[in-house]
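K.L.:
This is work_28.cif, which holds mmCIF, C-alpha atoms and all ligand atoms:
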data_run
#
loop_
_atom_site.group_PDB
_atom_site.id
_atom_site.type_symbol
_atom_site.label_atom_id
_atom_site.label_comp_id
_atom_site.auth_asym_id
_atom_site.auth_seq_id
_atom_site.Cartn_x
_atom_site.Cartn_y
_atom_site.Cartn_z
ATOM 1 C CA MET A 1 64.619 192.595 188.211
ATOM 2 C CA PRO A 2 66.911 193.653 191.037
ATOM 3 C CA VAL A 3 65.624 196.282 193.424
ATOM 4 C CA MET A 4 67.222 199.684 192.879
ATOM 5 C CA PRO A 5 67.725 202.154 195.693
ATOM 6 C CA ALA A 6 65.576 205.218 195.006
ATOM 7 C CA THR A 7 68.513 207.588 195.448
ATOM 8 C CA ILE A 8 72.003 207.363 196.823
ATOM 9 C CA PRO A 9 72.675 210.560 198.803
ATOM 10 C CA GLU A 10 75.407 212.800 197.316
ATOM 11 C CA THR A 11 77.146 212.782 200.680
ATOM 12 C CA HIS A 12 77.191 209.018 201.167
ATOM 13 C CA PRO A 13 80.822 207.972 201.815
ATOM 14 C CA ARG A 14 80.444 204.863 199.641
ATOM 15 C CA ARG A 15 78.516 206.651 196.900
ATOM 16 C CA GLU A 16 80.857 205.775 194.011
ATOM 17 C CA SER A 17 81.018 202.149 195.066
ATOM 18 C CA LEU A 18 77.221 201.976 195.393
ATOM 19 C CA LEU A 19 76.712 203.527 191.961
ATOM 20 C CA VAL A 20 79.019 200.900 190.479
ATOM 21 C CA ARG A 21 77.044 198.166 192.239
ATOM 22 C CA GLU A 22 73.877 199.663 190.766
ATOM 23 C CA ARG A 23 75.348 199.423 187.247
ATOM 24 C CA LEU A 24 76.243 195.784 187.814
ATOM 25 C CA ALA A 25 72.831 194.986 189.306
ATOM 26 C CA ARG A 26 71.183 196.551 186.261
ATOM 27 C CA GLY A 27 73.453 194.470 184.003
ATOM 28 C CA PHE A 28 72.428 191.379 185.945
ATOM 29 C CA GLY A 29 68.754 192.263 185.485
ATOM 30 C CA GLU A 30 69.335 192.657 181.741
ATOM 31 C CA GLY A 31 70.950 189.217 181.487
ATOM 32 C CA LEU A 32 74.365 190.678 180.748
ATOM 33 C CA VAL A 33 76.167 189.981 184.028
ATOM 34 C CA ALA A 34 76.285 186.445 185.476
ATOM 35 C CA ALA A 35 75.355 185.856 189.120
ATOM 36 C CA GLU A 36 78.920 184.661 189.613
ATOM 37 C CA GLY A 37 80.091 187.986 188.180
ATOM 38 C CA LEU A 38 78.362 189.802 191.034
ATOM 39 C CA MET A 39 80.293 187.701 193.519
ATOM 40 C CA ALA A 40 83.584 188.183 191.697
ATOM 41 C CA HIS A 41 82.978 191.936 191.957
ATOM 42 C CA GLY A 42 82.591 191.564 195.709
ATOM 43 C CA ARG A 43 86.026 189.982 195.964
ATOM 44 C CA GLY A 44 87.418 192.856 193.927
ATOM 45 C CA GLU A 45 85.691 195.447 196.134
ATOM 46 C CA ALA A 46 87.386 194.042 199.232
ATOM 47 C CA PHE A 47 90.818 194.644 197.694
ATOM 48 C CA ASP A 48 89.710 198.059 196.428
ATOM 49 C CA TYR A 49 88.722 199.007 199.979
ATOM 50 C CA ILE A 50 92.202 198.066 201.179
ATOM 51 C CA ILE A 51 93.990 200.177 198.547
ATOM 52 C CA GLY A 52 91.774 203.145 199.377
ATOM 53 C CA GLU A 53 89.599 203.062 196.229
ATOM 54 C CA ARG A 54 92.043 205.094 194.185
ATOM 55 C CA THR A 55 94.604 204.460 191.465
ATOM 56 C CA ARG A 56 97.887 203.977 193.277
ATOM 57 C CA GLY A 57 101.487 204.412 192.119
ATOM 58 C CA PHE A 58 101.964 200.700 191.401
ATOM 59 C CA ALA A 59 98.885 200.789 189.150
ATOM 60 C CA ARG A 60 100.146 203.883 187.337
ATOM 61 C CA ALA A 61 103.454 202.147 186.625
ATOM 62 C CA ALA A 62 101.597 199.141 185.213
ATOM 63 C CA ILE A 63 99.288 201.378 183.154
ATOM 64 C CA ARG A 64 102.328 202.971 181.522
ATOM 65 C CA ALA A 65 103.870 199.583 180.680
ATOM 66 C CA ALA A 66 100.522 198.287 179.443
ATOM 67 C CA ALA A 67 100.034 201.320 177.194
ATOM 68 C CA ALA A 68 103.502 200.881 175.675
ATOM 69 C CA THR A 69 102.869 197.152 175.186
ATOM 70 C CA LEU A 70 99.559 197.813 173.434
ATOM 71 C CA LEU A 71 101.021 200.535 171.199
ATOM 72 C CA LEU A 72 103.868 198.216 170.161
ATOM 73 C CA ALA A 73 101.558 195.254 169.496
ATOM 74 C CA GLU A 74 100.944 194.087 165.965
ATOM 75 C CA ARG A 75 97.547 192.538 166.657
ATOM 76 C CA PRO A 76 96.237 193.618 170.055
ATOM 77 C CA ALA A 77 92.920 192.270 171.372
ATOM 78 C CA ILE A 78 90.757 193.436 174.279
ATOM 79 C CA SER A 79 88.810 190.609 175.891
ATOM 80 C CA VAL A 80 85.568 191.782 177.512
ATOM 81 C CA ASN A 81 83.277 189.815 179.840
ATOM 82 C CA GLY A 82 79.815 190.617 181.218
ATOM 83 C CA ASN A 83 81.086 192.696 184.155
ATOM 84 C CA VAL A 84 83.286 194.873 181.943
ATOM 85 C CA ALA A 85 80.500 195.302 179.364
ATOM 86 C CA ALA A 86 78.203 196.490 182.158
ATOM 87 C CA LEU A 87 80.736 198.627 184.033
ATOM 88 C CA CYS A 88 82.846 200.443 181.443
ATOM 89 C CA PRO A 89 81.886 199.652 177.826
ATOM 90 C CA GLY A 90 82.680 203.178 176.632
ATOM 91 C CA GLU A 91 86.178 203.080 178.131
ATOM 92 C CA ALA A 92 86.848 199.656 176.563
ATOM 93 C CA ALA A 93 85.700 200.993 173.183
ATOM 94 C CA GLY A 94 87.905 204.057 173.685
ATOM 95 C CA LEU A 95 90.921 201.876 174.421
ATOM 96 C CA ALA A 96 90.275 199.936 171.206
ATOM 97 C CA ARG A 97 90.228 203.193 169.246
ATOM 98 C CA ALA A 98 93.407 204.442 170.916
ATOM 99 C CA THR A 99 95.338 201.248 170.131
ATOM 100 C CA GLY A 100 93.726 199.747 167.018
ATOM 101 C CA ALA A 101 92.858 196.680 169.100
ATOM 102 C CA VAL A 102 89.962 194.399 168.284
ATOM 103 C CA VAL A 103 87.295 193.998 170.962
ATOM 104 C CA GLU A 104 86.214 190.453 171.706
ATOM 105 C CA VAL A 105 83.539 189.187 174.049
ATOM 106 C CA ASN A 106 84.525 186.217 176.168
ATOM 107 C CA MET A 107 82.418 184.664 178.919
ATOM 108 C CA PHE A 108 83.427 182.311 181.654
ATOM 109 C CA TYR A 109 80.059 181.316 183.129
ATOM 110 C CA ALA A 110 77.333 179.593 181.132
ATOM 111 C CA ASP A 111 73.949 181.337 180.873
ATOM 112 C CA ALA A 112 71.585 180.383 183.672
ATOM 113 C CA GLY A 113 68.674 178.481 182.212
ATOM 114 C CA ASP A 114 70.404 177.527 178.993
ATOM 115 C CA PRO A 115 70.182 173.726 178.894
ATOM 116 C CA ALA A 116 73.071 173.604 176.436
ATOM 117 C CA GLY A 117 75.170 175.521 178.934
ATOM 118 C CA GLY A 118 76.063 178.153 176.344
ATOM 119 C CA THR A 119 76.885 181.807 176.722
ATOM 120 C CA TRP A 120 75.851 183.078 173.319
ATOM 121 C CA ALA A 121 72.805 185.081 174.459
ATOM 122 C CA ARG A 122 74.893 186.897 177.056
ATOM 123 C CA ARG A 123 77.726 187.356 174.578
ATOM 124 C CA ARG A 124 75.314 189.025 172.145
ATOM 125 C CA ARG A 125 74.043 191.329 174.886
ATOM 126 C CA ALA A 126 77.596 192.285 175.800
ATOM 127 C CA ALA A 127 78.422 192.969 172.143
ATOM 128 C CA ALA A 128 75.310 195.151 171.845
ATOM 129 C CA ALA A 129 76.269 197.101 174.991
ATOM 130 C CA LEU A 130 79.766 197.662 173.574
ATOM 131 C CA ALA A 131 78.400 198.740 170.192
ATOM 132 C CA ARG A 132 76.023 201.208 171.889
ATOM 133 C CA ALA A 133 79.030 202.582 173.768
ATOM 134 C CA GLY A 134 80.945 203.212 170.533
ATOM 135 C CA ALA A 135 82.818 199.984 169.713
ATOM 136 C CA ARG A 136 83.114 199.699 165.932
ATOM 137 C CA GLU A 137 83.251 195.936 165.639
ATOM 138 C CA VAL A 138 82.858 193.357 168.368
ATOM 139 C CA LEU A 139 84.073 189.795 167.880
ATOM 140 C CA GLY A 140 83.038 186.724 169.832
ATOM 141 C CA ALA A 141 79.282 187.274 169.716
ATOM 142 C CA SER A 142 78.459 184.334 167.448
ATOM 143 C CA PRO A 143 79.838 180.794 167.065
ATOM 144 C CA GLU A 144 80.798 181.453 163.414
ATOM 145 C CA ASN A 145 84.480 182.211 163.953
ATOM 146 C CA ALA A 146 84.860 180.437 167.260
ATOM 147 C CA GLY A 147 88.077 178.528 167.781
ATOM 148 C CA ARG A 148 89.618 176.995 170.855
ATOM 149 C CA LEU A 149 92.337 178.205 173.134
ATOM 150 C CA PRO A 150 94.540 175.178 173.922
ATOM 151 C CA GLY A 151 94.707 174.146 177.567
ATOM 152 C CA THR A 152 91.231 175.346 178.581
ATOM 153 C CA ASP A 153 87.900 173.569 178.858
ATOM 154 C CA SER A 154 84.448 174.371 177.376
ATOM 155 C CA GLU A 155 83.172 177.954 177.647
ATOM 156 C CA ARG A 156 86.284 179.781 178.734
ATOM 157 C CA GLY A 157 88.300 178.165 175.944
ATOM 158 C CA THR A 158 86.114 179.579 173.171
ATOM 159 C CA ALA A 159 87.874 182.420 171.403
ATOM 160 C CA ASP A 160 87.528 184.148 168.057
ATOM 161 C CA VAL A 161 90.051 183.068 165.448
ATOM 162 C CA ARG A 162 90.313 186.715 164.322
ATOM 163 C CA GLY A 163 90.590 188.032 167.899
ATOM 164 C CA ALA A 164 92.383 186.620 170.927
ATOM 165 C CA LEU A 165 93.578 183.550 168.998
ATOM 166 C CA ALA A 166 95.320 185.661 166.348
ATOM 167 C CA ALA A 167 96.541 188.340 168.761
ATOM 168 C CA ASP A 168 100.078 188.896 170.001
ATOM 169 C CA VAL A 169 98.903 191.001 172.952
ATOM 170 C CA VAL A 170 95.653 190.327 174.850
ATOM 171 C CA LEU A 171 94.182 192.551 177.531
ATOM 172 C CA VAL A 172 91.938 190.734 179.996
ATOM 173 C CA ALA A 173 90.007 192.170 182.913
ATOM 174 C CA LEU A 174 88.600 190.226 185.861
ATOM 175 C CA GLU A 175 89.942 187.109 184.233
ATOM 176 C CA ASP A 176 90.105 183.551 185.476
ATOM 177 C CA GLY A 177 93.598 182.321 186.298
ATOM 178 C CA ASP A 178 93.404 179.257 184.051
ATOM 179 C CA ARG A 179 92.535 181.270 180.970
ATOM 180 C CA ALA A 180 95.170 183.908 181.686
ATOM 181 C CA ALA A 181 97.779 181.151 182.015
ATOM 182 C CA ALA A 182 96.531 179.461 178.819
ATOM 183 C CA LEU A 183 96.832 182.739 176.897
ATOM 184 C CA ALA A 184 100.397 183.179 178.150
ATOM 185 C CA ALA A 185 101.222 179.532 177.331
ATOM 186 C CA ALA A 186 99.913 180.164 173.797
ATOM 187 C CA GLY A 187 102.680 182.754 173.423
ATOM 188 C CA LYS A 188 100.583 185.872 173.939
ATOM 189 C CA THR A 189 101.672 188.827 176.005
ATOM 190 C CA VAL A 190 98.933 189.153 178.625
ATOM 191 C CA ILE A 191 97.881 192.423 180.246
ATOM 192 C CA ALA A 192 95.515 191.877 183.181
ATOM 193 C CA ILE A 193 93.344 194.248 185.175
ATOM 194 C CA ASP A 194 92.783 192.617 188.550
ATOM 195 C CA LEU A 195 92.324 194.178 191.971
ATOM 196 C CA ASN A 196 93.720 191.063 193.622
ATOM 197 C CA PRO A 197 97.538 191.039 193.411
ATOM 198 C CA LEU A 198 97.497 187.515 194.895
ATOM 199 C CA SER A 199 95.378 185.949 192.151
ATOM 200 C CA ARG A 200 96.663 183.404 189.661
ATOM 201 C CA THR A 201 95.716 185.828 186.889
ATOM 202 C CA ALA A 202 97.888 188.556 188.419
ATOM 203 C CA ALA A 203 100.844 186.173 188.529
ATOM 204 C CA ALA A 204 100.289 184.673 185.057
ATOM 205 C CA ALA A 205 100.080 188.035 183.260
ATOM 206 C CA HIS A 206 103.079 189.947 181.932
ATOM 207 C CA VAL A 207 101.617 193.272 183.067
ATOM 208 C CA THR A 208 99.047 193.354 185.877
ATOM 209 C CA ILE A 209 97.215 196.562 186.676
ATOM 210 C CA VAL A 210 96.056 196.286 190.284
ATOM 211 C CA ASP A 211 93.199 198.762 190.130
ATOM 212 C CA ASN A 212 89.448 198.885 189.652
ATOM 213 C CA VAL A 213 88.553 198.416 185.996
ATOM 214 C CA VAL A 214 86.069 201.264 186.367
ATOM 215 C CA ARG A 215 88.921 203.679 187.069
ATOM 216 C CA CYS A 216 91.800 202.304 185.035
ATOM 217 C CA MET A 217 90.281 201.353 181.668
ATOM 218 C CA GLY A 218 89.802 205.047 180.763
ATOM 219 C CA GLU A 219 93.183 205.915 182.299
ATOM 220 C CA LEU A 220 94.851 203.301 180.113
ATOM 221 C CA ALA A 221 93.229 204.730 176.977
ATOM 222 C CA ALA A 222 94.372 208.218 178.008
ATOM 223 C CA GLU A 223 97.927 206.951 178.614
ATOM 224 C CA CYS A 224 97.945 205.368 175.146
ATOM 225 C CA GLY A 225 96.992 208.774 173.755
ATOM 226 C CA ARG A 226 99.808 210.451 175.701
ATOM 227 C CA LEU A 227 102.438 207.871 174.664
ATOM 228 C CA SER A 228 101.342 207.572 171.042
ATOM 229 C CA GLY A 229 103.688 210.370 169.965
ATOM 230 C CA ASN A 230 106.697 208.543 171.428
ATOM 231 C CA GLY A 231 109.223 206.736 169.276
ATOM 232 C CA ARG A 232 109.585 202.980 169.160
ATOM 233 C CA GLU A 233 112.683 202.971 171.364
ATOM 234 C CA GLU A 234 111.002 204.921 174.131
ATOM 235 C CA LEU A 235 107.995 202.624 174.028
ATOM 236 C CA GLU A 236 110.210 199.551 174.118
ATOM 237 C CA GLY A 237 112.003 201.018 177.118
ATOM 238 C CA ALA A 238 108.703 201.578 178.952
ATOM 239 C CA ARG A 239 107.583 198.038 178.119
ATOM 240 C CA ASP A 240 110.810 196.161 178.789
ATOM 241 C CA SER A 241 111.824 197.901 182.000
ATOM 242 C CA PHE A 242 108.603 196.813 183.705
ATOM 243 C CA ASP A 243 108.923 193.941 186.194
ATOM 244 C CA ASN A 244 105.515 192.467 186.957
ATOM 245 C CA ALA A 245 106.566 190.369 189.947
ATOM 246 C CA ALA A 246 108.252 193.391 191.559
ATOM 247 C CA ASN A 247 105.223 195.583 190.850
ATOM 248 C CA LEU A 248 102.849 193.004 192.367
ATOM 249 C CA ALA A 249 105.109 192.869 195.423
ATOM 250 C CA SER A 250 104.788 196.679 195.699
ATOM 251 C CA ALA A 251 101.007 196.365 195.591
ATOM 252 C CA VAL A 252 100.991 193.728 198.336
ATOM 253 C CA ARG A 253 103.393 195.817 200.444
ATOM 254 C CA ALA A 254 101.236 198.922 200.016
ATOM 255 C CA MET A 255 98.202 196.942 201.142
ATOM 256 C CA ALA A 256 100.082 195.537 204.137
ATOM 257 C CA ALA A 257 101.368 199.004 205.083
ATOM 258 C CA GLY A 258 97.860 200.449 204.901
ATOM 259 C CA LEU A 259 96.536 197.686 207.118
ATOM 260 C CA GLU A 260 99.441 198.129 209.580
ATOM 261 C CA ALA A 261 98.747 201.855 209.793
ATOM 262 C CA ARG A 262 95.129 201.104 210.407
ATOM 263 C CA ALA A 263 95.990 198.611 213.133
ATOM 264 C CA ALA A 264 98.295 201.152 214.773
ATOM 265 C CA GLY A 265 95.439 203.623 215.023
ATOM 266 C CA ALA A 266 92.904 200.898 215.745
ATOM 267 C CA GLY A 267 89.492 202.101 216.699
ATOM 268 C CA THR A 268 89.704 205.278 214.638
ATOM 269 C CA ALA A 269 87.356 204.525 211.770
HETATM 270 P P1 LIG B 301 92.220 183.589 189.760
HETATM 271 O O1 LIG B 301 91.381 182.603 188.998
HETATM 272 O O2 LIG B 301 92.981 184.527 188.895
HETATM 273 O O3 LIG B 301 93.075 182.992 190.834
HETATM 274 P P2 LIG B 301 89.973 184.242 191.417
HETATM 275 O O4 LIG B 301 89.498 182.842 191.220
HETATM 276 O O5 LIG B 301 90.286 184.707 192.790
HETATM 277 O O6 LIG B 301 91.213 184.564 190.512
HETATM 278 P P3 LIG B 301 87.986 185.093 189.586
HETATM 279 O O7 LIG B 301 86.600 185.023 190.091
HETATM 280 O O8 LIG B 301 88.503 184.025 188.714
HETATM 281 O O9 LIG B 301 88.933 185.260 190.834
HETATM 282 O O10 LIG B 301 88.229 186.492 188.838
HETATM 283 C C1 LIG B 301 87.761 187.694 189.317
HETATM 284 C C2 LIG B 301 88.913 188.601 189.678
HETATM 285 O O11 LIG B 301 88.573 189.920 189.303
HETATM 286 C C3 LIG B 301 89.211 188.647 191.167
HETATM 287 O O12 LIG B 301 90.592 188.536 191.384
HETATM 288 C C4 LIG B 301 88.733 190.026 191.635
HETATM 289 O O13 LIG B 301 89.570 190.553 192.632
HETATM 290 C C5 LIG B 301 88.848 190.827 190.366
HETATM 291 N N1 LIG B 301 87.859 191.923 190.250
HETATM 292 C C6 LIG B 301 86.542 191.895 190.528
HETATM 293 N N2 LIG B 301 85.944 193.079 190.278
HETATM 294 C C7 LIG B 301 86.915 193.894 189.797
HETATM 295 C C8 LIG B 301 86.935 195.233 189.329
HETATM 296 N N3 LIG B 301 85.832 195.985 189.319
HETATM 297 N N4 LIG B 301 88.101 195.734 188.878
HETATM 298 C C9 LIG B 301 89.230 194.975 188.870
HETATM 299 N N5 LIG B 301 89.284 193.699 189.310
HETATM 300 C C10 LIG B 301 88.149 193.158 189.766
HETATM 301 MG MG MG B 302 89.419 181.856 189.276
#
Let me see whether you can do it: turn the structure in this file into structure tokens.

P.N.:
Amino acid sequence: MPVMPATIPETHPRRESLLVRERLARGFGEGLVAAEGLMAHGRGEAFDYIIGERTRGFARAAIRAAAATLLLAERPAISVNGNVAALCPGEAAGLARATGAVVEVNMFYADAGDPAGGTWARRRRAAAALARAGAREVLGASPENAGRLPGTDSERGTADVRGALAADVVLVALEDGDRAAALAAAGKTVIAIDLNPLSRTAAAAHVTIVDNVVRCMGELAAECGRLSGNGREELEGARDSFDNAANLASAVRAMAAGLEARAAGAGTA
């Protein structure tokens, strides 16, 4: 089991970030999060630090487009991995309720210690965590309805024939670039949550929300609630006027500007 800090002081400047790490460490101890997932979170944290650990304007614009895209979808699916199941299962379940999307567990890394290299034990744990957090039905937890996503190898290519494979819109968070590109190549509209605007996932998706999944998953569900009263035309406008490449460029520029400002006042922590 990972060692837990006894208490994180209320006044600690990195309190939120440390609490999130604690949730992930607990998920790792429970066999829900992969060791590689811990490292992937670290890469995300670095970008979060640069954007100031808050939901920025470029993320809000993407959240709006993502909400409209999900509300207009005929068969939306939310793909959840170990990190998301550990960090924000309730928010993922809430987004499914707000959009009628199916929730599907998908894992990239094989279970440590499983000689067959499978992920089914961890998938079941993720499904249980989602169910405890209010998800009605969770796909992808058993090999029964497993199909294959063309253009991907072994574990990451496994997908439920009733979930991501049948979906027209798929939301992925902390996703690998190959799988995001394979989903797009299969004709799906891909919504990605990824703190790294430079990643292959960010570029392959149709709508990329550059924000921490911990903050934006609930925000996205709330936005779906707010937009749900809108007519089809308004939703189509919100979806079709969004330019992902331009929005990613805004995110990179905002990061660069923040770093420039920091360099200008160098030494002032
Ligand atoms: P890609 O394969 O898309 O090029 P990568 O290889 O750099 O990306 P992966 O390890 O495949 O990265 O995927 C993890 C991604 O998730 C990273 O881009 C990381 O920035 C992002 N990430 C990690 N933690 C979070 C988080 N809490 N919220 C949002 N994004 C996160
Ligand atoms: Mg990758």

K.L.:
Which residue out of A:Asn244, A:Asn145, A:Asn196, A:Ser228 has the minimum interatomic distance to ligand MG 302 (chain B) when only C-alpha atoms and all ligand atoms are used?

P.N.:
A:Asn196

K.L.:
As an exercise, work out the distance from atom C6 of ligand LIG 301 (chain B) to CA of Ala86 in chain A in Å and give it to one decimal place.

P.N.:
12.7 Å

K.L.:
Enumerate, as a PyMOL selection string, the residues matched when the PyMOL selection byres (((chain A and resi 212) around 9) and not hetatm) is run on the file above.

P.N.:
chain A and resi 44-45+48+53-55+193-195+209-211+213-217

K.L.:
With 10 Å as the cut-off and only C-alpha atoms and all ligand atoms counted, what is the closest atom pair between each nearby residue of chain A and ligand MG 302 (chain B)? Distances in Å to one decimal, ordered by chain and number, as CSV.

P.N.:
residue,atom,partner,partner_atom,distance
A:Ala40,CA,B:MG302,MG,8.9
A:Phe108,CA,B:MG302,MG,9.7
A:Leu174,CA,B:MG302,MG,9.1
A:Glu175,CA,B:MG302,MG,7.3
A:Asp176,CA,B:MG302,MG,4.2
A:Gly177,CA,B:MG302,MG,5.2
A:Asp178,CA,B:MG302,MG,7.1
A:Arg179,CA,B:MG302,MG,8.9
A:Ala180,CA,B:MG302,MG,9.7
A:Ser199,CA,B:MG302,MG,7.8
A:Arg200,CA,B:MG302,MG,7.4
A:Thr201,CA,B:MG302,MG,7.8

K.L.:
Please enumerate the residues selected by the PyMOL selection byres (((chain A and resi 88-96) around 7) and not hetatm) when evaluated against the supplied file, formatted as an NGL selection string.

P.N.:
:A and (84-87 or 97-103 or 129-130 or 133-135 or 214 or 217-218 or 221)

K.L.:
Nearest to Ala66 in chain A: which of A:Ala192, A:Ala257, A:Ala186, A:Gly52 is it, counting all atoms listed in the file?

P.N.:
A:Ala192

K.L.:
Just how far from CA of Cys224 in chain A is CA of Arg60 in chain A, in Å to one decimal?

P.N.:
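Between CA of Arg60 in chain A and CA of Cys224 in chain A the gap is 12.5 Å.
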
K.L.:
Check the smallest atom-to-atom distance from each of A:Val138, A:Ile51, A:Ala202, A:Ala246 to ligand LIG 301 (chain B) using all atoms listed in the file, then report the winner.

P.N.:
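Counting all atoms listed in the file, the residue closest to ligand LIG 301 (chain B) is A:Ala202.
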